[in-house]
file my_file.cif (mmCIF, C-alpha atoms)
data_model
#
loop_
_atom_site.label_atom_id
_atom_site.label_comp_id
_atom_site.auth_asym_id
_atom_site.auth_seq_id
_atom_site.Cartn_x
_atom_site.Cartn_y
_atom_site.Cartn_z
CA MET A 555 -0.35 -17.58 24.62
CA ALA A 556 0.40 -20.83 22.80
CA THR A 557 -2.34 -22.65 24.74
CA PHE A 558 -4.89 -19.93 23.97
CA LEU A 559 -3.97 -19.95 20.26
CA TYR A 560 -4.15 -23.74 20.21
CA LYS A 561 -7.71 -23.63 21.53
CA LEU A 562 -8.56 -20.78 19.13
CA GLY A 563 -7.30 -22.77 16.16
CA ARG A 564 -9.33 -25.83 17.10
CA LEU A 565 -12.42 -23.70 17.72
CA ALA A 566 -12.09 -21.97 14.34
CA PHE A 567 -11.60 -25.36 12.68
CA ARG A 568 -14.76 -26.78 14.28
CA ARG A 569 -16.87 -23.63 13.80
CA ARG A 570 -15.56 -22.93 10.31
CA HIS A 571 -18.98 -22.02 8.89
CA PHE A 572 -19.51 -19.40 11.58
CA VAL A 573 -15.97 -17.99 11.27
CA ALA A 574 -16.17 -17.75 7.48
CA LEU A 575 -19.57 -16.08 7.71
CA ILE A 576 -18.23 -13.45 10.13
CA TRP A 577 -15.33 -12.49 7.85
CA VAL A 578 -17.52 -12.38 4.75
CA ALA A 579 -19.98 -10.17 6.63
CA LEU A 580 -17.16 -7.83 7.72
CA LEU A 581 -15.88 -7.64 4.15
CA THR A 582 -19.37 -6.84 2.86
CA LEU A 583 -19.95 -4.23 5.55
CA ALA A 584 -16.61 -2.54 4.86
CA GLY A 585 -17.29 -2.59 1.12
CA VAL A 586 -20.70 -0.98 1.52
CA GLY A 587 -19.20 1.68 3.79
CA ALA A 588 -16.46 2.46 1.28
CA ALA A 589 -18.92 2.68 -1.60
CA SER A 590 -21.26 5.05 0.25
CA ALA A 591 -18.59 7.26 1.86
CA PRO A 592 -17.53 10.60 0.32
CA PRO A 593 -14.25 10.46 -1.61
CA ALA A 594 -11.03 11.25 0.22
CA GLY A 595 -9.50 14.65 -0.28
CA ASN A 596 -5.87 15.64 -0.65
CA THR A 597 -4.14 15.92 2.70
CA SER A 598 -1.95 18.93 3.42
CA PHE A 599 1.68 18.24 4.15
CA SER A 600 3.18 20.01 7.14
CA ILE A 601 6.05 19.34 9.54
CA PRO A 602 5.27 21.16 12.80
CA GLY A 603 8.24 22.47 14.74
CA THR A 604 10.70 22.78 11.86
CA GLU A 605 12.23 26.11 10.84
CA ALA A 606 10.74 25.90 7.36
CA GLN A 607 7.23 25.28 8.70
CA LYS A 608 7.61 28.15 11.17
CA ALA A 609 8.60 30.41 8.28
CA PHE A 610 5.56 29.33 6.24
CA ASP A 611 3.26 29.86 9.22
CA LEU A 612 4.74 33.32 9.87
CA LEU A 613 4.33 34.35 6.24
CA GLU A 614 0.75 33.10 6.26
CA GLN A 615 0.10 35.09 9.44
CA ARG A 616 1.69 38.33 8.21
CA PHE A 617 0.65 38.00 4.55
CA PRO A 618 -2.52 35.90 4.40
CA GLY A 619 -2.83 36.11 0.64
CA ALA A 620 0.76 35.32 -0.15
CA SER A 621 0.39 31.52 0.03
CA ALA A 622 4.11 30.97 0.59
CA ASP A 623 3.79 27.20 0.38
CA GLY A 624 1.25 27.25 -2.45
CA ALA A 625 1.73 25.47 -5.75
CA THR A 626 3.26 27.35 -8.67
CA ALA A 627 3.11 27.01 -12.43
CA ARG A 628 5.11 28.74 -15.12
CA VAL A 629 3.47 28.93 -18.54
CA VAL A 630 6.07 29.58 -21.24
CA PHE A 631 4.99 30.97 -24.64
CA LYS A 632 7.11 30.87 -27.81
CA ALA A 633 6.17 32.87 -30.87
CA PRO A 634 6.08 31.23 -34.31
CA SER A 635 9.14 31.60 -36.51
CA GLY A 636 9.50 35.17 -37.77
CA GLU A 637 7.13 36.59 -35.16
CA LYS A 638 7.55 38.12 -31.72
CA MET A 639 5.58 37.86 -28.56
CA THR A 640 5.07 41.60 -28.65
CA ASP A 641 3.10 41.38 -31.87
CA ALA A 642 -0.52 42.42 -31.45
CA ALA A 643 -2.03 39.00 -32.25
CA ASN A 644 0.35 37.07 -29.99
CA LYS A 645 -0.03 39.62 -27.22
CA ALA A 646 -3.81 39.31 -27.40
CA THR A 647 -3.53 35.51 -27.18
CA VAL A 648 -1.30 35.74 -24.09
CA ASN A 649 -3.61 38.25 -22.42
CA LYS A 650 -6.56 35.96 -23.06
CA THR A 651 -4.65 33.04 -21.59
CA VAL A 652 -3.66 35.04 -18.50
CA LYS A 653 -7.27 36.05 -18.01
CA GLY A 654 -8.32 32.41 -18.25
CA LEU A 655 -5.66 31.35 -15.76
CA SER A 656 -6.89 33.94 -13.24
CA ALA A 657 -10.44 32.55 -13.20
CA GLY A 658 -9.76 29.56 -10.95
CA SER A 659 -10.98 29.65 -7.35
CA GLU A 660 -7.65 28.29 -6.09
CA VAL A 661 -5.54 30.79 -8.02
CA ALA A 662 -3.87 33.39 -5.81
CA SER A 663 -2.27 35.51 -8.53
CA VAL A 664 -1.08 35.45 -12.12
CA ALA A 665 1.92 37.52 -13.23
CA ASP A 666 1.36 39.04 -16.67
CA PRO A 667 4.53 38.64 -18.77
CA TYR A 668 4.23 42.13 -20.26
CA THR A 669 3.76 44.03 -17.01
CA GLY A 670 6.17 41.75 -15.12
CA HIS A 671 9.01 42.13 -17.66
CA ALA A 672 8.98 38.42 -18.45
CA VAL A 673 9.69 38.73 -22.18
CA SER A 674 13.04 37.74 -23.66
CA LYS A 675 15.26 40.40 -25.28
CA ASP A 676 14.64 39.11 -28.78
CA GLY A 677 10.89 39.01 -28.08
CA SER A 678 10.49 35.36 -29.08
CA ILE A 679 9.66 33.96 -25.62
CA ALA A 680 7.50 35.11 -22.70
CA TYR A 681 6.22 33.42 -19.58
CA ALA A 682 3.42 33.90 -17.08
CA SER A 683 3.75 32.79 -13.44
CA VAL A 684 0.71 31.35 -11.69
CA LYS A 685 0.55 31.18 -7.89
CA TYR A 686 -2.04 29.01 -6.13
CA LYS A 687 -3.51 29.29 -2.66
CA VAL A 688 -2.90 25.63 -1.83
CA SER A 689 0.03 23.27 -2.19
CA GLY A 690 0.47 20.92 -5.11
CA MET A 691 -0.83 17.96 -3.07
CA GLU A 692 -4.02 19.85 -2.17
CA LEU A 693 -4.67 21.25 -5.63
CA GLU A 694 -7.95 20.08 -7.11
CA ASP A 695 -8.04 18.27 -10.43
CA SER A 696 -10.27 21.02 -11.83
CA SER A 697 -7.47 23.57 -11.33
CA ARG A 698 -4.98 21.34 -13.13
CA THR A 699 -7.46 20.83 -15.95
CA ALA A 700 -8.06 24.59 -16.26
CA LEU A 701 -4.30 25.16 -16.49
CA LYS A 702 -3.93 22.60 -19.26
CA ASP A 703 -6.97 23.92 -21.13
CA ALA A 704 -5.66 27.49 -21.06
CA ALA A 705 -2.33 26.33 -22.45
CA GLN A 706 -4.07 24.30 -25.16
CA ASP A 707 -6.12 27.32 -26.24
CA ALA A 708 -2.87 29.27 -26.73
CA ARG A 709 -1.44 26.39 -28.77
CA ASP A 710 -4.54 26.37 -30.94
CA ALA A 711 -3.90 30.06 -31.60
CA GLY A 712 -0.46 29.22 -33.04
CA LEU A 713 1.88 29.61 -30.06
CA THR A 714 4.17 26.96 -28.65
CA VAL A 715 3.29 26.55 -24.97
CA GLU A 716 4.94 24.51 -22.21
CA ILE A 717 4.04 24.29 -18.51
CA GLY A 718 6.45 23.87 -15.60
CA GLY A 719 6.22 23.98 -11.82
CA ASP A 720 4.71 21.71 -9.18
CA ALA A 721 1.07 22.50 -9.97
CA LEU A 722 0.83 19.55 -12.35
CA SER A 723 2.62 17.11 -10.04
CA ALA A 724 0.25 14.47 -8.70
CA ALA A 725 0.51 11.31 -6.65
CA PRO A 726 1.24 8.28 -8.84
CA GLU A 727 -1.77 6.14 -9.55
CA THR A 728 -1.69 2.46 -8.72
CA GLY A 729 -2.39 0.32 -11.72
CA ALA A 730 -1.93 -3.41 -12.14
CA THR A 731 1.12 -3.53 -9.87
CA GLU A 732 -0.69 -5.34 -7.06
CA VAL A 733 -2.24 -7.82 -9.50
CA ILE A 734 1.18 -8.62 -10.98
CA GLY A 735 2.60 -9.06 -7.48
CA ILE A 736 -0.20 -11.47 -6.51
CA ALA A 737 0.32 -13.46 -9.72
CA ILE A 738 4.05 -13.82 -9.05
CA ALA A 739 3.36 -14.81 -5.44
CA ALA A 740 0.89 -17.43 -6.67
CA VAL A 741 3.50 -18.98 -8.98
CA VAL A 742 6.09 -19.09 -6.20
CA LEU A 743 3.62 -20.62 -3.72
CA VAL A 744 2.49 -23.29 -6.18
CA ILE A 745 6.10 -24.28 -6.86
CA THR A 746 6.90 -24.29 -3.14
CA PHE A 747 3.82 -26.14 -1.91
CA GLY A 748 3.18 -28.40 -4.88
CA SER A 749 -0.54 -27.86 -4.35
CA LEU A 750 -2.84 -25.27 -5.90
CA LEU A 751 -5.15 -25.35 -2.91
CA ALA A 752 -2.35 -24.80 -0.39
CA ALA A 753 -1.00 -21.94 -2.49
CA GLY A 754 -4.42 -20.36 -2.87
CA LEU A 755 -5.29 -20.17 0.84
CA PRO A 756 -2.68 -17.49 1.76
CA LEU A 757 -3.59 -15.46 -1.32
CA LEU A 758 -7.31 -15.67 -0.61
CA THR A 759 -7.01 -14.62 3.03
CA ALA A 760 -4.56 -11.85 2.15
CA VAL A 761 -6.97 -10.39 -0.42
CA ILE A 762 -9.86 -10.59 2.07
CA GLY A 763 -7.78 -8.89 4.77
CA VAL A 764 -6.65 -6.14 2.42
CA GLY A 765 -10.22 -5.71 1.19
CA ILE A 766 -11.49 -5.19 4.73
CA GLY A 767 -8.61 -2.92 5.73
CA VAL A 768 -8.57 -0.73 2.62
CA SER A 769 -12.37 -0.50 2.48
CA THR A 770 -12.43 0.65 6.09
CA VAL A 771 -9.75 3.25 5.36
CA THR A 772 -11.74 4.45 2.35
CA ALA A 773 -14.95 4.65 4.38
CA LEU A 774 -13.24 6.77 7.07
CA ALA A 775 -11.05 8.81 4.71
CA HIS A 776 -13.31 11.84 4.52
CA ALA A 777 -14.18 11.89 8.23
CA LEU A 778 -10.57 11.49 9.39
CA ASP A 779 -9.01 13.59 6.60
CA LEU A 780 -6.98 10.67 5.25
CA GLY A 781 -5.06 11.29 2.06
CA THR A 782 -5.41 9.25 -1.10
CA THR A 783 -1.98 7.69 -0.52
CA THR A 784 -3.07 6.13 2.79
CA SER A 785 -4.96 3.28 1.14
CA THR A 786 -1.97 2.62 -1.15
CA LEU A 787 0.34 2.02 1.81
CA ALA A 788 -2.29 -0.12 3.53
CA THR A 789 -2.64 -2.26 0.39
CA MET A 790 1.08 -2.81 -0.03
CA ILE A 791 1.74 -3.75 3.60
CA GLY A 792 -1.52 -5.68 3.98
CA LEU A 793 -0.75 -7.95 1.02
CA ALA A 794 2.79 -8.60 2.20
CA VAL A 795 1.99 -9.52 5.79
CA GLY A 796 -1.28 -11.23 4.88
CA ILE A 797 0.42 -13.74 2.59
CA ASP A 798 3.35 -14.15 4.98
CA TYR A 799 1.31 -14.82 8.12
CA ALA A 800 -1.06 -17.23 6.42
CA LEU A 801 1.93 -19.03 4.93
CA PHE A 802 3.32 -19.69 8.42
CA ILE A 803 0.19 -21.47 9.58
CA VAL A 804 -0.49 -23.41 6.35
CA SER A 805 3.09 -24.70 6.30
CA ARG A 806 2.87 -25.80 9.91
CA TYR A 807 -0.49 -27.48 9.30
CA ARG A 808 0.99 -29.48 6.44
CA ALA A 809 3.88 -30.54 8.64
CA GLU A 810 1.49 -31.67 11.37
CA LEU A 811 -0.53 -33.71 8.85
CA ALA A 812 2.67 -35.29 7.59
CA GLU A 813 3.32 -36.40 11.17
CA GLY A 814 0.03 -38.28 11.10
CA ARG A 815 -2.11 -36.09 13.35
CA GLU A 816 -5.84 -35.61 12.99
CA ARG A 817 -6.91 -32.55 11.04
CA GLU A 818 -8.41 -30.64 13.96
CA GLU A 819 -5.41 -31.39 16.14
CA ALA A 820 -3.09 -30.35 13.32
CA ALA A 821 -4.95 -27.03 12.93
CA GLY A 822 -4.77 -26.36 16.67
CA ARG A 823 -1.06 -27.12 16.82
CA ALA A 824 -0.40 -25.02 13.72
CA VAL A 825 -2.11 -21.97 15.22
CA GLY A 826 -0.60 -22.62 18.65
CA THR A 827 2.98 -22.76 17.32
CA ALA A 828 3.17 -20.74 14.09
CA GLY A 829 0.40 -18.46 15.39
CA SER A 830 2.68 -17.27 18.18
CA ALA A 831 5.21 -16.16 15.56
CA VAL A 832 2.41 -14.46 13.64
CA VAL A 833 1.29 -12.50 16.70
CA PHE A 834 4.84 -11.46 17.54
CA ALA A 835 5.65 -10.45 13.96
CA GLY A 836 2.37 -8.56 13.58
CA LEU A 837 2.88 -6.73 16.86
CA THR A 838 6.36 -5.69 15.76
CA VAL A 839 5.05 -4.28 12.47
CA VAL A 840 2.20 -2.47 14.23
CA ILE A 841 4.60 -0.84 16.69
CA ALA A 842 6.86 0.24 13.83
CA LEU A 843 3.98 1.77 11.87
CA VAL A 844 2.45 3.53 14.85
CA GLY A 845 5.95 4.76 15.67
CA LEU A 846 5.74 7.01 12.62
CA SER A 847 3.79 9.38 14.86
CA VAL A 848 7.07 10.19 16.64
CA VAL A 849 8.18 12.07 13.53
CA ASN A 850 5.27 14.46 14.18
CA ILE A 851 4.17 14.67 10.56
CA PRO A 852 0.35 14.43 10.59
CA MET A 853 0.09 12.78 7.18
CA LEU A 854 2.64 10.07 8.05
CA THR A 855 0.97 9.49 11.40
CA LYS A 856 -2.40 8.83 9.74
CA MET A 857 -0.83 6.60 7.11
CA GLY A 858 1.00 4.57 9.76
CA ILE A 859 -2.08 4.06 11.92
CA ALA A 860 -4.20 3.05 8.92
CA ALA A 861 -1.57 0.56 7.74
CA ALA A 862 -1.25 -0.78 11.30
CA GLY A 863 -4.99 -1.44 11.34
CA THR A 864 -4.64 -3.48 8.14
CA VAL A 865 -1.85 -5.52 9.75
CA VAL A 866 -4.07 -6.25 12.77
CA VAL A 867 -6.78 -7.51 10.42
CA ALA A 868 -4.21 -9.72 8.65
CA VAL A 869 -3.13 -11.24 11.98
CA LEU A 870 -6.72 -11.96 13.05
CA ILE A 871 -7.55 -13.53 9.71
CA ALA A 872 -4.46 -15.74 9.85
CA LEU A 873 -5.39 -16.96 13.34
CA THR A 874 -9.06 -17.62 12.64
CA MET A 875 -9.93 -17.79 8.96
CA ILE A 876 -6.95 -19.92 7.92
CA PRO A 877 -7.86 -22.81 10.28
CA ALA A 878 -11.49 -22.44 9.20
CA LEU A 879 -10.51 -22.75 5.53
CA LEU A 880 -8.22 -25.64 6.37
CA GLY A 881 -11.30 -27.35 7.76
CA TYR A 882 -12.91 -27.08 4.33
CA ALA A 883 -9.74 -28.13 2.50
CA GLY A 884 -9.01 -31.21 4.57
CA ARG A 885 -5.90 -33.12 3.50
CA ARG A 886 -5.98 -31.73 -0.03
CA VAL A 887 -3.46 -29.09 1.02
CA GLN A 888 -0.85 -31.87 1.03
CA PRO A 889 1.09 -32.49 -2.21
CA THR A 890 0.38 -35.72 -4.05
CA GLY A 891 2.20 -38.69 -2.57
CA GLN A 892 2.72 -37.11 0.87
CA LYS A 893 -0.70 -37.61 2.51
CA SER A 894 -0.36 -39.57 5.72
CA ARG A 895 -2.93 -42.17 6.80
CA LEU A 896 -4.06 -43.13 10.26
CA LEU A 897 -4.87 -46.74 11.17
CA GLY A 898 -7.03 -47.23 14.23
CA GLY A 899 -5.98 -43.86 15.64
CA ALA A 900 -2.27 -44.87 15.61
CA ARG A 901 0.33 -43.17 13.48
CA ALA A 902 0.76 -44.99 10.20
CA ALA A 903 4.19 -46.17 9.22
CA LYS A 904 5.60 -44.38 6.25
CA LYS A 905 8.82 -43.93 4.42
CA PRO A 906 11.05 -41.08 5.59
CA ALA A 907 10.31 -37.93 3.64
CA ARG A 908 13.01 -36.85 1.21
CA PRO A 909 14.66 -33.65 2.44
CA ASN A 910 13.56 -30.63 0.44
CA MET A 911 15.70 -27.66 -0.55
CA GLY A 912 14.90 -25.75 2.64
CA THR A 913 15.91 -28.71 4.85
CA ARG A 914 19.14 -29.21 2.92
CA TRP A 915 19.99 -25.52 3.18
CA ALA A 916 19.32 -25.49 6.93
CA SER A 917 21.56 -28.53 7.38
CA PHE A 918 24.31 -26.82 5.41
CA VAL A 919 24.05 -23.67 7.56
CA VAL A 920 24.27 -25.73 10.75
CA ARG A 921 27.34 -27.58 9.48
CA ARG A 922 29.09 -24.49 8.10
CA PRO A 923 28.00 -21.54 10.32
CA VAL A 924 31.27 -19.62 10.00
CA ALA A 925 31.33 -19.81 6.21
CA VAL A 926 27.70 -18.71 5.94
CA LEU A 927 28.33 -15.84 8.36
CA LEU A 928 31.33 -14.66 6.33
CA LEU A 929 29.28 -14.81 3.14
CA GLY A 930 26.59 -12.71 4.79
CA VAL A 931 29.11 -10.09 5.93
CA ILE A 932 30.65 -9.95 2.44
CA GLY A 933 27.17 -9.57 0.94
CA LEU A 934 26.38 -6.66 3.25
CA GLY A 935 29.68 -5.05 2.32
#

call {"tool": "encode", "arguments": {"input": "my_file.cif", "output": "structure tokens"}}
result
Amino acid sequence: MATFLYKLGRLAFRRRHFVALIWVALLTLAGVGAASAPPAGNTSFSIPGTEAQKAFDLLEQRFPGASADGATARVVFKAPSGEKMTDAANKATVNKTVKGLSAGSEVASVADPYTGHAVSKDGSIAYASVKYKVSGMELEDSSRTALKDAAQDARDAGLTVEIGGDALSAAPETGATEVIGIAIAAVVLVITFGSLLAAGLPLLTAVIGVGIGVSTVTALAHALDLGTTTSTLATMIGLAVGIDYALFIVSRYRAELAEGREREEAAGRAVGTAGSAVVFAGLTVVIALVGLSVVNIPMLTKMGIAAAGTVVVAVLIALTMIPALLGYAGRRVQPTGQKSRLLGGARAAKKPARPNMGTRWASFVVRRPVAVLLLGVIGLG
């Protein structure tokens, strides 16, 4: 494999324009597909074979309208001070609210507090129970909005209203978390590499890989019934492995340049050596993600396969696009003062490089293996 990767790295370095054009075209194609595809729906959560799932399936078979695993909401009303929920005005407000709650297409039933004996003994509090036909993860936003609007109308009429249950629970939305993570990674890479260009290459390729992977997942979400959380997992794992794998090859390329090798040879050796580790690491992650299918939970299986596809894209980008970009960057990926020169094709003489923190730590571990091992065991404890 090392020989094949060596040749691949040199080929990508020489044909960098062609390689870069291919990845840009794939990113554009995936982006257009994601933009034109229907939005992903909410995926149902089921665990086939378990006792609980068998019970839900049996209830659905015997009582089709019961919706045993459907979402629920409890709307609690509190009368103003000095009033009771049984007063005519408050009762009319509650009845109007119950009628509004029953109008939704996903609503299975609404329990009236007056006919269901859901009024406190002192008459100050009452509650209505809402049962939906689908689970909380499948509930449409329109149903949640209707629930909130009905409660707000009762508040406007003078009642204190609170809503409980899993009907309002929703998957957390991803905000600027990924952007913050990329910014922190950029700072760490700049400090480690001592070069903005060397630090930017892993970030750039990771973003491109995640863009292709997540856009593809988004484009296929409706057709394959992928949940909205699938792209979130693909983004998290894609960014992590994308930066990591590119970092392997860039670091090795810098080391090969420091040894005085030509740029194309350095790129080939970097892909041939560090690329083998990238392939092995990527294959391990892909097997682990695809292994989620063993759990036999359809939603987890789809999430694992989608994330595994993003990892495959990250591996391919590290093996091809990184050497292509290194061809554009040249020796500028080296920190100032460490660029080696070649004289007449022979290796130029240079002063021995000062050991960095990583080299010093590795030397310490080799000299004190027992102490380091004991520290690791104590840390795990």

call {"tool": "residues_near_point", "arguments": {"input": "my_file.cif", "point": "(2.1, 29.8, -11.7)", "cutoff": "6 Å", "atoms": "only C-alpha atoms", "output": "list in words"}}
result
Thr626, Ala627, Arg628, Ser683, Val684 and Lys685 of chain A

call {"tool": "closest_residue", "arguments": {"input": "my_file.cif", "among": "A:Ala828, A:Ala662, A:Ala794, A:Ala711", "to": "Thr647 in chain A", "atoms": "only C-alpha atoms"}}
result
A:Ala711

call {"tool": "residues_around", "arguments": {"input": "my_file.cif", "residues": "Ala657 in chain A", "least_positions_apart": "4", "cutoff": "12 Å", "atoms": "all atoms listed in the file", "output": "list in words"}}
result
Lys650, Thr651, Val652, Lys653, Val661, Ala662, Ser663, Val664, Val684, Tyr686, Ser696, Ser697, Ala700, Leu701 and Ala704 of chain A

call {"tool": "atom_distance", "arguments": {"input": "my_file.cif", "atom1": "CA of Tyr807 in chain A", "atom2": "CA of Ile841 in chain A"}}
result
28.1 Å

call {"tool": "resolve_selection", "arguments": {"input": "my_file.cif", "expression": "the PyMOL selection byres ((chain A and resi 754) around 10)", "output": "PyMOL selection string"}}
result
chain A and resi 739-740+743-744+749-753+755-760+797+887

call {"tool": "atom_distance", "arguments": {"input": "my_file.cif", "atom1": "CA of Val733 in chain A", "atom2": "CA of Ala773 in chain A"}}
result
22.6 Å

call {"tool": "atom_distance", "arguments": {"input": "my_file.cif", "atom1": "CA of Ala821 in chain A", "atom2": "CA of Val865 in chain A"}}
result
22.0 Å

call {"tool": "resolve_selection", "arguments": {"input": "my_file.cif", "expression": "the PyMOL selection byres ((chain A and resi 833) around 10)", "output": "tab-separated table (two decimals) with C-alpha atoms, in the frame of the given file"}}
result
chain	number	residue	atom	x	y	z
A	555	MET	CA	-0.35	-17.58	24.62
A	559	LEU	CA	-3.97	-19.95	20.26
A	799	TYR	CA	1.31	-14.82	8.12
A	828	ALA	CA	3.17	-20.74	14.09
A	829	GLY	CA	0.40	-18.46	15.39
A	830	SER	CA	2.68	-17.27	18.18
A	831	ALA	CA	5.21	-16.16	15.56
A	832	VAL	CA	2.41	-14.46	13.64
A	834	PHE	CA	4.84	-11.46	17.54
A	835	ALA	CA	5.65	-10.45	13.96
A	836	GLY	CA	2.37	-8.56	13.58
A	837	LEU	CA	2.88	-6.73	16.86
A	838	THR	CA	6.36	-5.69	15.76
A	839	VAL	CA	5.05	-4.28	12.47
A	866	VAL	CA	-4.07	-6.25	12.77
A	869	VAL	CA	-3.13	-11.24	11.98
A	870	LEU	CA	-6.72	-11.96	13.05
A	872	ALA	CA	-4.46	-15.74	9.85
A	873	LEU	CA	-5.39	-16.96	13.34

call {"tool": "resolve_selection", "arguments": {"input": "my_file.cif", "expression": "the PyMOL selection byres ((chain A and resi 583-590) around 10)", "output": "VMD selection string"}}
result
chain A and resid 577 to 582 591 to 593 765 to 775

call {"tool": "build_atoms", "arguments": {"input": "my_file.cif", "residues": "range 667-684 of chain A", "atoms": "N, CA, C and O atoms", "output": "CSV table (one decimal), in the coordinates of the input"}}
result
chain,number,residue,atom,x,y,z
A,667,PRO,N,3.2,38.5,-18.3
A,667,PRO,CA,4.5,38.6,-18.8
A,667,PRO,C,4.9,40.0,-19.3
A,667,PRO,O,6.1,40.4,-19.2
A,668,TYR,N,3.9,40.8,-19.7
A,668,TYR,CA,4.2,42.1,-20.3
A,668,TYR,C,4.4,43.2,-19.2
A,668,TYR,O,5.3,44.0,-19.2
A,669,THR,N,3.6,43.1,-18.1
A,669,THR,CA,3.8,44.0,-17.0
A,669,THR,C,4.8,43.6,-16.0
A,669,THR,O,5.4,44.4,-15.3
A,670,GLY,N,5.2,42.3,-16.0
A,670,GLY,CA,6.2,41.8,-15.1
A,670,GLY,C,7.5,41.6,-15.8
A,670,GLY,O,8.4,41.0,-15.2
A,671,HIS,N,7.7,42.2,-17.0
A,671,HIS,CA,9.0,42.1,-17.7
A,671,HIS,C,9.5,40.7,-17.8
A,671,HIS,O,10.7,40.4,-17.5
A,672,ALA,N,8.6,39.8,-18.3
A,672,ALA,CA,9.0,38.4,-18.4
A,672,ALA,C,9.0,38.1,-19.9
A,672,ALA,O,8.5,37.0,-20.3
A,673,VAL,N,9.5,39.0,-20.7
A,673,VAL,CA,9.7,38.7,-22.2
A,673,VAL,C,11.2,38.8,-22.5
A,673,VAL,O,11.9,39.6,-22.0
A,674,SER,N,11.6,37.8,-23.3
A,674,SER,CA,13.0,37.7,-23.7
A,674,SER,C,13.4,39.0,-24.5
A,674,SER,O,12.6,39.6,-25.1
A,675,LYS,N,14.8,39.2,-24.6
A,675,LYS,CA,15.3,40.4,-25.3
A,675,LYS,C,14.9,40.4,-26.8
A,675,LYS,O,14.7,41.4,-27.4
A,676,ASP,N,15.0,39.2,-27.4
A,676,ASP,CA,14.6,39.1,-28.8
A,676,ASP,C,13.1,39.0,-29.0
A,676,ASP,O,12.7,39.0,-30.2
A,677,GLY,N,12.3,39.0,-27.9
A,677,GLY,CA,10.9,39.0,-28.1
A,677,GLY,C,10.3,37.7,-28.5
A,677,GLY,O,9.1,37.7,-28.8
A,678,SER,N,11.0,36.6,-28.6
A,678,SER,CA,10.5,35.4,-29.1
A,678,SER,C,9.8,34.5,-28.0
A,678,SER,O,9.0,33.7,-28.3
A,679,ILE,N,10.2,34.8,-26.7
A,679,ILE,CA,9.7,34.0,-25.6
A,679,ILE,C,9.1,34.9,-24.5
A,679,ILE,O,9.7,35.9,-24.2
A,680,ALA,N,8.0,34.4,-23.9
A,680,ALA,CA,7.5,35.1,-22.7
A,680,ALA,C,6.9,34.0,-21.8
A,680,ALA,O,6.6,32.9,-22.2
A,681,TYR,N,6.8,34.4,-20.5
A,681,TYR,CA,6.2,33.4,-19.6
A,681,TYR,C,5.4,34.1,-18.5
A,681,TYR,O,5.6,35.3,-18.2
A,682,ALA,N,4.3,33.4,-18.1
A,682,ALA,CA,3.4,33.9,-17.1
A,682,ALA,C,3.5,33.0,-15.9
A,682,ALA,O,3.6,31.8,-16.0
A,683,SER,N,3.6,33.6,-14.7
A,683,SER,CA,3.8,32.8,-13.4
A,683,SER,C,2.4,32.7,-12.7
A,683,SER,O,1.8,33.8,-12.5
A,684,VAL,N,2.0,31.5,-12.4
A,684,VAL,CA,0.7,31.4,-11.7
A,684,VAL,C,1.0,30.9,-10.3
A,684,VAL,O,1.8,29.9,-10.1
